[in-house]
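Chemist: Next up, start-v1.txt (compact mmCIF, C-alpha atoms).
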```txt
# COMPACT_ATOMS: atom_id res chain seq x y z
CA MET A 24 0.00 0.00 0.00
CA ALA A 25 1.23 3.48 -0.79
CA THR A 26 2.48 5.54 2.12
CA ARG A 27 -0.14 8.02 3.27
CA GLN A 28 0.76 11.53 4.27
CA GLY A 29 -0.28 12.86 7.67
CA ASN A 30 -1.27 16.26 6.27
CA MET A 31 -4.70 17.25 7.49
CA TYR A 32 -5.85 19.00 4.34
CA ALA A 33 -3.89 17.86 1.29
CA ASN A 34 -0.58 16.34 0.41
CA PRO A 35 2.38 18.51 -0.58
CA MET A 36 3.25 18.65 -4.23
CA PRO A 37 5.68 15.99 -5.42
CA GLN A 38 8.27 16.98 -7.97
CA PRO A 39 7.63 16.21 -11.66
CA LEU A 40 9.57 13.49 -13.41
CA SER A 41 13.24 14.40 -13.77
CA ASP A 42 16.42 12.79 -15.03
CA PRO A 43 19.47 12.12 -12.82
CA ASN A 44 20.80 15.57 -13.65
CA GLY A 45 17.74 17.17 -12.10
CA SER A 46 16.16 18.56 -15.27
CA ILE A 47 12.54 17.89 -16.12
CA MET A 48 12.16 15.03 -18.57
CA ASP A 49 10.60 15.44 -21.94
CA ASP A 50 7.95 12.92 -22.93
CA PRO A 51 9.99 9.74 -23.51
CA ASP A 52 7.05 7.75 -24.74
CA ALA A 53 4.61 8.83 -27.42
CA SER A 54 1.81 7.08 -25.52
CA SER A 55 2.49 8.95 -22.26
CA LEU A 56 -0.30 11.14 -21.03
CA ARG A 57 -0.20 14.35 -19.06
CA VAL A 58 -2.21 15.30 -16.00
CA TYR A 59 -4.64 17.56 -17.87
CA GLN A 60 -5.55 14.64 -20.17
CA VAL A 61 -6.69 12.45 -17.27
CA TRP A 62 -8.01 15.24 -15.02
CA LYS A 63 -10.93 14.14 -12.83
CA GLY A 64 -12.57 17.54 -12.62
CA ASN A 65 -14.99 18.98 -15.19
CA ASN A 66 -12.50 21.54 -16.47
CA ARG A 67 -11.58 22.24 -20.09
CA PHE A 68 -7.95 22.74 -21.09
CA CYS A 69 -6.32 24.64 -23.94
CA LEU A 70 -2.78 24.94 -25.31
CA GLY A 71 -1.64 21.62 -23.95
CA GLY A 72 -2.83 22.21 -20.38
CA ARG A 73 -1.43 25.74 -20.11
CA LEU A 74 -4.91 27.25 -19.82
CA ILE A 75 -7.64 25.78 -17.61
CA PHE A 76 -11.29 26.79 -17.93
CA GLY A 77 -14.54 25.71 -16.35
CA PRO A 78 -17.02 23.40 -18.07
CA ASP A 79 -19.10 26.43 -19.14
CA VAL A 80 -16.21 28.06 -21.00
CA ARG A 81 -18.45 28.87 -23.97
CA SER A 82 -20.07 31.64 -21.93
CA ILE A 83 -16.86 33.64 -22.40
CA PHE A 84 -17.83 34.23 -26.02
CA LEU A 85 -21.14 35.75 -24.93
CA THR A 86 -19.29 37.97 -22.46
CA LEU A 87 -16.86 39.07 -25.18
CA ILE A 88 -19.72 39.90 -27.54
CA MET A 89 -21.47 41.97 -24.87
CA ILE A 90 -18.27 43.98 -24.33
CA VAL A 91 -16.79 44.27 -27.81
CA ILE A 92 -19.89 44.96 -29.96
CA PRO A 93 -20.94 48.14 -28.07
CA VAL A 94 -17.35 49.41 -28.19
CA ILE A 95 -17.16 48.82 -31.94
CA LEU A 96 -20.44 50.71 -32.42
CA PHE A 97 -19.16 53.54 -30.25
CA CYS A 98 -15.86 53.87 -32.11
CA ALA A 99 -17.42 53.50 -35.57
CA PHE A 100 -20.39 55.87 -35.23
CA VAL A 101 -20.48 57.97 -32.06
CA SER A 102 -16.79 58.84 -31.88
CA GLN A 103 -16.75 60.18 -35.46
CA SER A 104 -19.20 62.87 -34.47
CA LEU A 105 -17.18 63.65 -31.37
CA ILE A 106 -13.98 63.98 -33.42
CA ASN A 107 -15.69 66.58 -35.60
CA GLU A 108 -17.23 68.45 -32.67
CA PHE A 109 -14.14 68.53 -30.44
CA GLN A 110 -10.65 69.46 -31.43
CA HIS A 111 -9.14 66.82 -33.68
CA HIS A 112 -6.60 65.44 -31.23
CA LEU A 113 -9.08 65.38 -28.35
CA GLY A 114 -11.61 63.43 -30.39
CA ILE A 115 -9.01 60.84 -31.41
CA LEU A 116 -7.95 60.50 -27.76
CA ILE A 117 -11.53 59.59 -26.83
CA VAL A 118 -11.44 56.69 -29.31
CA VAL A 119 -7.97 55.51 -28.29
CA VAL A 120 -8.82 55.48 -24.59
CA CYS A 121 -11.98 53.46 -25.24
CA ALA A 122 -10.19 50.90 -27.44
CA ALA A 123 -7.21 50.52 -25.08
CA PHE A 124 -9.48 50.13 -22.07
CA THR A 125 -11.42 47.41 -23.88
CA VAL A 126 -8.24 45.46 -24.64
CA TYR A 127 -7.26 45.76 -20.98
CA ILE A 128 -10.64 44.36 -19.90
CA ILE A 129 -10.35 41.42 -22.32
CA ILE A 130 -6.92 40.57 -20.87
CA LEU A 131 -8.41 40.65 -17.37
CA LEU A 132 -11.22 38.37 -18.54
CA PHE A 133 -8.78 35.70 -19.72
CA LEU A 134 -6.58 36.11 -16.64
CA THR A 135 -9.68 35.40 -14.56
CA SER A 136 -11.05 32.57 -16.66
CA GLY A 137 -7.95 30.81 -17.98
CA ARG A 138 -5.96 30.18 -14.80
CA ASP A 139 -6.12 27.79 -11.86
CA PRO A 140 -8.41 29.52 -9.33
CA GLY A 141 -6.79 27.66 -6.42
CA ILE A 142 -7.72 24.01 -6.89
CA ILE A 143 -6.71 21.75 -3.99
CA PRO A 144 -5.10 18.51 -5.29
CA ARG A 145 -7.15 15.40 -4.65
CA ASN A 146 -5.93 12.54 -2.51
CA LEU A 147 -5.74 9.06 -3.97
CA HIS A 148 -6.90 7.61 -0.64
CA PRO A 149 -8.79 8.98 2.35
CA PRO A 150 -6.56 9.82 5.32
CA ASP A 151 -6.03 7.13 7.96
CA PRO A 152 -8.55 7.42 10.81
CA GLU A 153 -5.81 6.91 13.39
CA ASP A 154 -3.87 9.84 11.93
CA ASP A 155 -6.75 12.26 11.58
CA CYS A 156 -9.16 11.36 14.35
CA ASP A 157 -7.63 13.60 17.01
CA SER A 158 -10.38 13.90 19.60
CA SER A 159 -9.32 17.43 20.49
CA ASN A 160 -10.16 18.68 16.99
CA LEU A 161 -13.28 16.64 16.27
CA SER A 162 -16.72 18.14 16.00
CA ALA A 163 -18.54 17.80 19.32
CA ASP A 164 -21.59 16.18 17.72
CA TRP A 165 -19.60 13.46 15.99
CA ALA A 166 -17.23 12.84 18.93
CA GLY A 167 -20.18 12.12 21.18
CA ASN A 168 -21.82 9.67 18.78
CA GLN A 169 -18.94 7.68 17.27
CA ASN A 170 -19.19 4.87 19.91
CA GLY A 171 -15.63 3.74 19.33
CA ALA A 172 -16.08 3.27 15.57
CA ARG A 173 -12.98 3.98 13.52
CA SER A 174 -14.17 6.23 10.74
CA LEU A 175 -13.40 9.69 9.47
CA PRO A 176 -15.35 12.47 11.19
CA PRO A 177 -17.41 14.63 8.82
CA MET A 178 -15.75 17.79 10.13
CA LYS A 179 -13.04 19.12 12.40
CA GLU A 180 -12.61 22.29 14.40
CA VAL A 181 -9.72 24.70 13.97
CA THR A 182 -9.10 28.08 15.60
CA ILE A 183 -8.83 31.19 13.40
CA ASN A 184 -8.06 34.49 15.15
CA GLY A 185 -9.43 33.12 18.41
CA LYS A 186 -12.65 31.84 16.82
CA VAL A 187 -13.51 28.18 16.24
CA VAL A 188 -14.08 27.29 12.59
CA LYS A 189 -15.29 23.93 11.33
CA VAL A 190 -13.58 22.35 8.32
CA LYS A 191 -15.46 19.66 6.44
CA TYR A 192 -14.29 16.42 4.90
CA CYS A 193 -14.79 16.24 1.13
CA GLN A 194 -15.89 12.79 0.01
CA THR A 195 -15.00 13.52 -3.61
CA CYS A 196 -11.48 14.84 -3.08
CA MET A 197 -10.87 12.65 0.01
CA LEU A 198 -9.39 15.43 2.12
CA TYR A 199 -10.30 17.87 4.86
CA ARG A 200 -10.86 21.18 3.18
CA PRO A 201 -8.69 24.03 4.42
CA PRO A 202 -10.51 26.98 5.99
CA ARG A 203 -12.41 29.06 3.41
CA CYS A 204 -12.22 26.19 0.91
CA SER A 205 -15.35 24.75 -0.68
CA HIS A 206 -16.15 22.16 -3.34
CA CYS A 207 -17.58 23.57 -6.56
CA SER A 208 -20.27 21.25 -7.88
CA ILE A 209 -19.92 22.68 -11.40
CA CYS A 210 -16.15 22.22 -11.79
CA ASN A 211 -16.03 19.25 -9.36
CA ASN A 212 -12.98 20.62 -7.53
CA CYS A 213 -12.20 21.88 -4.06
CA VAL A 214 -11.15 25.54 -4.48
CA GLU A 215 -9.13 27.49 -1.95
CA ARG A 216 -10.86 30.65 -0.67
CA PHE A 217 -13.84 29.79 -2.83
CA ASP A 218 -15.98 32.84 -3.65
CA HIS A 219 -18.43 31.56 -6.25
CA HIS A 220 -18.62 30.04 -9.71
CA CYS A 221 -19.13 32.83 -12.21
CA PRO A 222 -21.00 31.78 -15.37
CA TRP A 223 -19.97 34.99 -17.17
CA VAL A 224 -16.28 34.06 -17.06
CA GLY A 225 -16.85 30.29 -17.08
CA GLN A 226 -14.62 29.65 -14.07
CA CYS A 227 -14.57 29.36 -10.30
CA ILE A 228 -13.49 32.48 -8.45
CA GLY A 229 -10.99 31.62 -5.76
CA LYS A 230 -7.76 32.63 -4.11
CA ARG A 231 -5.64 32.80 -7.28
CA ASN A 232 -8.00 34.76 -9.55
CA TYR A 233 -10.23 36.84 -7.27
CA ARG A 234 -8.02 39.92 -7.70
CA PHE A 235 -8.34 39.69 -11.50
CA PHE A 236 -12.08 39.05 -11.23
CA PHE A 237 -12.71 42.17 -9.18
CA THR A 238 -10.53 44.28 -11.46
CA PHE A 239 -12.39 42.90 -14.47
CA VAL A 240 -15.82 43.71 -13.00
CA SER A 241 -14.85 47.19 -11.79
CA SER A 242 -13.12 48.03 -15.09
CA THR A 243 -16.18 46.92 -17.03
CA SER A 244 -18.27 49.24 -14.86
CA MET A 245 -15.99 52.16 -15.71
CA LEU A 246 -16.13 51.29 -19.43
CA CYS A 247 -19.93 51.34 -19.28
CA LEU A 248 -19.87 54.76 -17.62
CA TYR A 249 -17.36 56.01 -20.21
CA VAL A 250 -19.50 54.96 -23.19
CA PHE A 251 -22.67 56.13 -21.44
CA ALA A 252 -21.23 59.60 -20.76
CA PHE A 253 -19.85 60.28 -24.25
CA SER A 254 -23.00 58.91 -25.91
CA TRP A 255 -24.94 61.48 -23.90
CA VAL A 256 -22.43 64.17 -24.92
CA ASN A 257 -23.02 63.29 -28.56
CA LEU A 258 -26.80 63.52 -28.12
CA TRP A 259 -26.43 66.84 -26.31
CA LYS A 260 -24.28 68.18 -29.17
CA ILE A 261 -26.93 67.11 -31.69
CA MET A 262 -29.69 68.80 -29.67
CA ASN A 263 -27.72 72.08 -29.59
CA ALA A 264 -26.74 71.92 -33.25
CA TYR A 265 -30.24 71.21 -34.60
CA HIS A 266 -32.25 72.87 -31.79
CA CYS A 267 -34.31 69.73 -31.36
CA ASN A 268 -35.58 67.65 -28.46
CA LEU A 269 -34.11 64.43 -27.12
CA TRP A 270 -36.32 62.14 -29.23
CA SER A 271 -35.25 63.91 -32.44
CA ALA A 272 -31.63 63.56 -31.35
CA PHE A 273 -32.21 59.82 -30.89
CA LEU A 274 -33.55 59.61 -34.44
CA LYS A 275 -30.54 61.49 -35.84
CA SER A 276 -28.09 59.26 -33.94
CA PRO A 277 -29.86 55.97 -33.13
CA VAL A 278 -26.58 54.26 -32.16
CA SER A 279 -26.06 56.84 -29.43
CA GLY A 280 -29.55 56.19 -28.11
CA ILE A 281 -29.03 52.41 -28.15
CA LEU A 282 -25.72 52.72 -26.33
CA VAL A 283 -27.23 55.00 -23.69
CA LEU A 284 -29.96 52.45 -22.94
CA TYR A 285 -27.61 49.46 -23.09
CA THR A 286 -24.92 50.92 -20.82
CA PHE A 287 -27.55 52.27 -18.41
CA ILE A 288 -28.89 48.73 -17.90
CA ALA A 289 -25.44 47.12 -17.84
CA VAL A 290 -23.99 49.52 -15.29
CA TRP A 291 -26.69 48.57 -12.80
CA PHE A 292 -25.52 44.97 -13.02
CA VAL A 293 -21.73 45.32 -13.10
CA GLY A 294 -21.78 48.45 -10.95
CA GLY A 295 -23.89 46.75 -8.32
CA LEU A 296 -21.61 43.73 -8.45
CA THR A 297 -18.58 45.99 -8.00
CA THR A 298 -20.17 47.69 -5.00
CA PHE A 299 -21.04 44.35 -3.41
CA HIS A 300 -17.51 43.01 -3.83
CA LEU A 301 -16.06 46.23 -2.43
CA TYR A 302 -18.08 45.54 0.71
CA LEU A 303 -16.78 41.94 0.74
CA ILE A 304 -13.18 43.16 0.37
CA PHE A 305 -13.51 45.73 3.17
CA THR A 306 -14.89 43.06 5.52
CA ASN A 307 -12.69 40.18 4.21
CA GLN A 308 -15.55 37.92 3.17
CA THR A 309 -16.31 35.77 0.16
CA THR A 310 -19.68 35.60 -1.53
CA TYR A 311 -20.14 32.07 -0.18
CA GLU A 312 -19.23 33.12 3.36
CA ASN A 313 -21.46 36.18 3.21
CA PHE A 314 -24.56 34.11 2.54
CA ARG A 315 -23.52 31.34 4.93
CA TYR A 316 -22.69 33.62 7.87
CA ARG A 317 -25.81 35.68 7.29
CA CYS A 318 -27.95 32.56 7.40
CA ASP A 319 -26.13 31.08 10.40
CA GLY A 320 -25.74 34.38 12.25
CA LYS A 321 -22.00 33.80 12.80
CA MET A 322 -19.22 36.33 13.12
CA ASN A 323 -16.56 36.58 10.44
CA PRO A 324 -13.27 35.31 11.91
CA TYR A 325 -11.15 36.60 9.01
CA ASN A 326 -11.90 40.32 9.34
CA ARG A 327 -8.66 42.07 10.41
CA GLY A 328 -9.73 45.63 9.70
CA CYS A 329 -10.35 47.48 6.46
CA SER A 330 -6.75 48.40 5.67
CA HIS A 331 -5.39 44.90 6.33
CA ASN A 332 -8.20 43.37 4.32
CA ILE A 333 -7.43 45.58 1.32
CA MET A 334 -3.73 44.77 1.59
CA GLU A 335 -4.51 41.05 1.64
CA ILE A 336 -6.57 41.18 -1.54
CA PHE A 337 -4.61 43.60 -3.71
CA PHE A 338 -1.03 43.59 -2.44
CA SER A 339 -0.35 40.10 -1.15
CA LYS A 340 1.56 37.65 -3.33
CA ILE A 341 -0.62 35.33 -5.39
CA PRO A 342 0.37 31.77 -4.41
CA SER A 343 1.66 29.37 -7.02
CA SER A 344 -0.67 26.71 -8.34
CA LYS A 345 -0.70 23.45 -6.43
CA ASN A 346 -1.20 21.61 -9.73
CA ASN A 347 1.12 20.93 -12.63
CA PHE A 348 -1.31 20.07 -15.38
CA ARG A 349 1.48 19.35 -17.84
CA ALA A 350 3.26 16.81 -15.62
CA ILE A 351 3.68 13.42 -17.29
CA VAL A 352 1.58 10.51 -16.04
CA LYS A 353 3.84 7.50 -16.66
CA GLY A 354 2.83 3.85 -16.93
CA ASP A 355 4.19 0.63 -18.42
CA SER A 356 2.93 -2.90 -19.13
CA SER A 357 4.09 -4.42 -15.82
CA SER A 358 3.03 -1.79 -13.33
CA VAL A 359 1.45 1.58 -13.03
CA PHE A 360 3.72 4.23 -11.60
CA THR A 361 2.00 7.59 -11.63
CA THR A 362 3.72 10.85 -10.79
CA SER A 363 1.25 13.70 -10.73
CA MET A 364 1.39 17.05 -9.04
CA ALA A 365 -2.33 17.35 -9.62
CA LEU A 366 -3.12 14.19 -7.70
CA GLY A 367 -0.79 15.16 -4.88
CA ARG A 368 1.09 11.86 -4.27
CA THR A 369 2.87 9.00 -6.02
CA MET A 370 1.19 5.68 -6.62
CA SER A 371 2.99 2.46 -5.82
CA PRO A 372 3.14 -0.52 -8.22
CA GLU A 373 0.76 -2.39 -5.90
CA MET A 374 -2.00 0.12 -6.54
CA PRO A 375 -5.01 -0.99 -8.64
CA LYS A 376 -4.27 -0.92 -12.33
CA LYS A 377 -5.75 1.77 -14.51
CA SER A 378 -7.74 1.72 -17.68
CA PHE A 379 -8.89 4.65 -19.76
CA ASP A 380 -12.51 5.21 -20.68
CA ILE A 381 -12.47 6.15 -24.37
CA GLU A 382 -15.72 8.07 -24.28
CA THR A 383 -15.12 10.25 -21.22
CA GLY A 384 -11.34 10.41 -21.08
CA LYS A 385 -11.46 9.86 -17.32
CA ARG A 386 -9.27 7.39 -15.44
CA GLN A 387 -11.14 4.49 -13.86
CA ALA A 388 -9.47 2.14 -11.43
CA VAL A 389 -9.95 -1.54 -12.16
CA ALA A 390 -8.27 -3.96 -9.79
CA THR A 391 -6.45 -7.03 -11.07
CA GLU A 392 -8.85 -9.27 -9.20
CA ASP A 393 -11.75 -7.69 -11.08
CA PHE A 394 -10.03 -8.45 -14.36
CA GLU A 395 -9.52 -12.06 -13.37
CA ASP A 396 -13.12 -12.42 -12.27
CA LEU A 397 -14.26 -10.78 -15.50
CA GLN A 398 -12.06 -13.13 -17.50
CA SER A 399 -13.49 -16.24 -15.83
CA GLN A 400 -17.04 -15.04 -16.53
CA MET A 401 -16.29 -14.48 -20.20
CA LYS A 402 -14.61 -17.88 -20.48
CA SER A 403 -17.78 -19.52 -19.29
CA VAL A 404 -19.83 -17.48 -21.73
CA GLY A 405 -17.45 -18.45 -24.55
CA GLU A 406 -17.83 -22.15 -23.74
CA ARG A 407 -21.63 -21.85 -23.78
CA SER A 408 -21.67 -19.82 -26.98
CA GLY A 409 -20.99 -22.92 -29.12
CA THR A 410 -24.09 -24.77 -27.90
CA GLN A 411 -26.63 -22.04 -27.25
CA PRO A 412 -27.32 -18.60 -28.67
CA ARG A 413 -26.50 -15.48 -26.68
CA ARG A 414 -29.27 -13.33 -25.35
CA ALA A 415 -29.54 -9.74 -26.56
CA ASN A 416 -29.14 -8.15 -23.16
CA TRP A 417 -28.98 -8.71 -19.43
CA ASP A 418 -32.02 -10.40 -17.88
CA HIS A 419 -32.94 -11.90 -14.51
CA ARG A 420 -31.60 -15.35 -15.56
CA ALA A 421 -28.07 -13.96 -16.00
CA ASN A 422 -27.98 -14.45 -19.81
CA TRP A 423 -26.05 -11.51 -21.21
CA GLU A 424 -24.14 -10.17 -24.17
CA ILE A 425 -20.52 -9.11 -23.93
CA SER A 426 -20.55 -5.34 -24.25
CA PRO A 427 -17.80 -3.39 -26.03
CA ASP A 428 -16.64 -1.96 -22.68
CA ILE A 429 -16.11 -5.45 -21.27
CA GLN A 430 -14.31 -6.52 -24.43
CA MET A 431 -12.03 -3.50 -24.14
CA LEU A 432 -11.20 -4.31 -20.52
CA ALA A 433 -10.57 -7.94 -21.39
CA ALA A 434 -8.29 -6.98 -24.26
CA ASP A 435 -6.40 -4.63 -21.94
CA TYR A 436 -5.91 -7.44 -19.45
CA ALA A 437 -4.91 -9.85 -22.22
CA MET A 438 -2.16 -7.52 -23.42
CA GLU A 439 -0.92 -7.29 -19.81
CA ARG A 440 -0.44 -11.08 -19.83
CA GLY A 441 1.12 -11.25 -23.30
CA LEU A 442 -1.91 -12.85 -24.99
CA THR A 443 -4.36 -11.54 -27.52
CA GLY A 444 -7.87 -10.43 -26.65
CA ARG A 445 -9.44 -13.19 -28.73
CA GLN A 446 -7.50 -15.91 -26.93
CA LYS A 447 -8.59 -14.58 -23.57
CA ILE A 448 -12.27 -14.20 -24.44
CA HIS A 449 -12.63 -17.61 -26.09
CA GLY A 450 -10.50 -19.50 -23.59
CA GLY A 451 -7.53 -19.87 -25.95
CA ASN A 452 -9.52 -21.90 -28.57
```
Turn the structure described in the file into structure tokens.
Modeler:
Amino acid sequence: MATRQGNMYANPMPQPLSDPNGSIMDDPDASSLRVYQVWKGNNRFCLGGRLIFGPDVRSIFLTLIMIVIPVILFCAFVSQSLINEFQHHLGILIVVVCAAFTVYIIILLFLTSGRDPGIIPRNLHPPDPEDDCDSSNLSADWAGNQNGARSLPPMKEVTINGKVVKVKYCQTCMLYRPPRCSHCSICNNCVERFDHHCPWVGQCIGKRNYRFFFTFVSSTSMLCLYVFAFSWVNLWKIMNAYHCNLWSAFLKSPVSGILVLYTFIAVWFVGGLTTFHLYLIFTNQTTYENFRYRCDGKMNPYNRGCSHNIMEIFFSKIPSSKNNFRAIVKGDSSSVFTTSMALGRTMSPEMPKKSFDIETGKRQAVATEDFEDLQSQMKSVGERSGTQPRRANWDHRANWEISPDIQMLAADYAMERGLTGRQKIHGGN
């Protein structure tokens, strides 16, 4: 059995594969896979695992359209009138500022959406009860009802700034979540300092991308105000030039009118979101904690004062990712030896062997004993197949057809033993 770490929350990162000289190895085998290719979460990867997105990454295109299209309309139609009305250089500056600010916002969008938000590496095994069941840290409810049973408690208690905080055990990731960590049901990952999952950026918002998220939202609010203000200036110039009312100015410059209405509605959304997150920053809360503490009536143990809270969000160093999505997952025909910074520990050769599901691309553990039992079942079916027809599907009398998945597993096991799949299925006939 692989050695289990005594870390309460997650295992430290092992080093990626390296040669004796200490340099990281290139892929020595064309069939070798990398961590992002066998990732158990619901994330989507681009550029060979260099960019990680949430499962709803397509929503980024909608967000881009909602930002870029109004800016294009503003620069193509409204700004031309402003260039003529103002001095030439001042009018051009209005267009340049708008375009440059839009590029800056798009960069912030991808910095928010395309990076690891703070995913906690999964454990391959749950922690040992004898290592983690310290009675001094157990939840009082569980400690009083365990009756001597050796099992993992659902939560533990830790002290943060003199206040007791409960940390929960994650059944999916098989670890005790660090304080402020929560499991995102959309991405299927435990995320450090989890704020929320934002559908507009298609990514979880956590410890490593919250700063970029807030800057993105606040910058978008300022862009909306910028376009709103100069669209109104253009309408006001038209009203003075033609001595007409506001409706007539709308008819003479419909794009200005559309942009005024669009940015007015948008600024209520992104502006309100900016204001709400400013409150969260000043009080050192996350969106998740704000709703949870409000419902539970608890005090926030992380609030250290407004100035310290601002320093923590904007001026503290962003921690490095705990995952190396491009690390090589190595395996050979005799044993499975996996080195993965994403999984958080190294597997031993005695671990259950692995097979790859072709349809989902996810790793599924299949023990050697299961293969042997599966092989014996198919041998018996092969011996009966010469005297009686196979049934179309599984029924209550245990007559069944060998599915393609079972054939794939049997062929995988046959290659492990040096035989062909056909010889294994038909008993070597």
Chemist: May I have the residues within 10 Å of stretch 255-257 of chain A as a ChimeraX atom specification, using all atoms listed in the file and disregarding those fewer than 4 positions away in the same chain?
Modeler: /A:101-105,108,250-251,261-262,272,276,279-280,282-283
Chemist: When distances are computed from only C-alpha atoms, which of A:Gly71, A:Pro202, A:Pro93, A:Gly77 shows the smallest separation from A:Leu56?
Modeler: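 Closest candidate: A:Gly71.
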Chemist: Per residue of stretch 166-280 of chain A within 9 Å of stretch 328-350 of chain A, note the shortest atom pair and the distance in Å to one decimal, counting all atoms listed in the file, and order the rows by chain and increasing residue number, as a tab-separated table.
Modeler:
```
residue	atom	partner	partner_atom	distance
A:Lys230	CA	A:Ile341	CA	7.7
A:Arg231	CA	A:Ile341	CA	5.9
A:Asn232	CA	A:Ile341	CA	8.5
A:Tyr233	CA	A:Ile336	CA	8.1
A:Arg234	CA	A:Phe337	CA	6.4
```
Chemist: If you count all atoms listed in the file, which residues fall within 12 Å of A:Ala123, apart from same-chain ones fewer than 5 positions away, as a PDB file with C-alpha atoms, keeping the file's coordinate frame?
Modeler:
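Wrote it out as out.pdb, contents follow:
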```
ATOM      1  CA  VAL A  91     -16.790  44.270 -27.810  1.00  0.00           C
ATOM      2  CA  VAL A  94     -17.350  49.410 -28.190  1.00  0.00           C
ATOM      3  CA  CYS A  98     -15.860  53.870 -32.110  1.00  0.00           C
ATOM      4  CA  LEU A 116      -7.950  60.500 -27.760  1.00  0.00           C
ATOM      5  CA  ILE A 117     -11.530  59.590 -26.830  1.00  0.00           C
ATOM      6  CA  VAL A 118     -11.440  56.690 -29.310  1.00  0.00           C
ATOM      7  CA  ILE A 128     -10.640  44.360 -19.900  1.00  0.00           C
ATOM      8  CA  ILE A 129     -10.350  41.420 -22.320  1.00  0.00           C
ATOM      9  CA  ILE A 130      -6.920  40.570 -20.870  1.00  0.00           C
ATOM     10  CA  SER A 242     -13.120  48.030 -15.090  1.00  0.00           C
ATOM     11  CA  LEU A 246     -16.130  51.290 -19.430  1.00  0.00           C
TER      12      LEU A 246
END
```
Chemist: Is it possible to get the residues within 8 Å of (-14.1, 30.3, -10.0) (coordinates as in the file, counting only C-alpha atoms) written as a list in words?
Modeler: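 Protein, DNA and RNA residues close to (-14.1, 30.3, -10.0): Gly77, Ser136, Pro140, Val214, Phe217, Asp218, His219, His220, Cys221, Gly225, Gln226, Cys227, Ile228, Gly229 and Asn232 of chain A.
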Chemist: Nearest to A:Val278 among A:Asn184, A:Lys321, A:Val80, A:Ser254, with distances taken over all atoms listed in the file: which residue is it?
Modeler: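 That would be A:Ser254, the residue with the smallest distance to A:Val278.
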Chemist: Nearest to A:Ala289 among A:Gly114, A:Asp151, A:Met89, A:Lys179, with distances taken over only C-alpha atoms: which residue is it?
Modeler: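 Checking each candidate against A:Ala289, we get A:Met89 as the closest.
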Chemist: Determine the nearest neighbour of A:Asn323 from the options A:Lys275, A:Lys186, A:His148, A:Lys63, counting all atoms listed in the file.
Modeler: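 Among the listed residues, the smallest separation from A:Asn323 belongs to A:Lys186.
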Chemist: Rounded to one decimal place, report the atom CA of A:Ile142-atom CA of A:Arg200 distance in Å.
Modeler: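 Result for atom CA of A:Ile142 versus atom CA of A:Arg200: 10.9 Å, one decimal.
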Chemist: Distance atom CA of A:Asn211-atom CA of A:Arg57, one decimal place?
Modeler: 19.2 Å
Chemist: Counting all atoms listed in the file, which residue out of A:Ile83, A:Val119, A:Val240, A:Leu269 sits closest to A:Trp291?
Modeler: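 Nearest candidate to A:Trp291 out of A:Ile83, A:Val119, A:Val240, A:Leu269: A:Val240.
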Chemist: Could you list, as a count of residues only, every residue within 10 Å of A:Thr182, counting only C-alpha atoms and ignoring same-chain residues fewer than 6 positions away?
Modeler: 5
Chemist: Any idea what the distance is between atom CA of A:Phe68 and atom CA of A:Phe239?
Modeler: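 Taking atom CA of A:Phe68 as the start and atom CA of A:Phe239 as the end point, the length is 21.7 Å.
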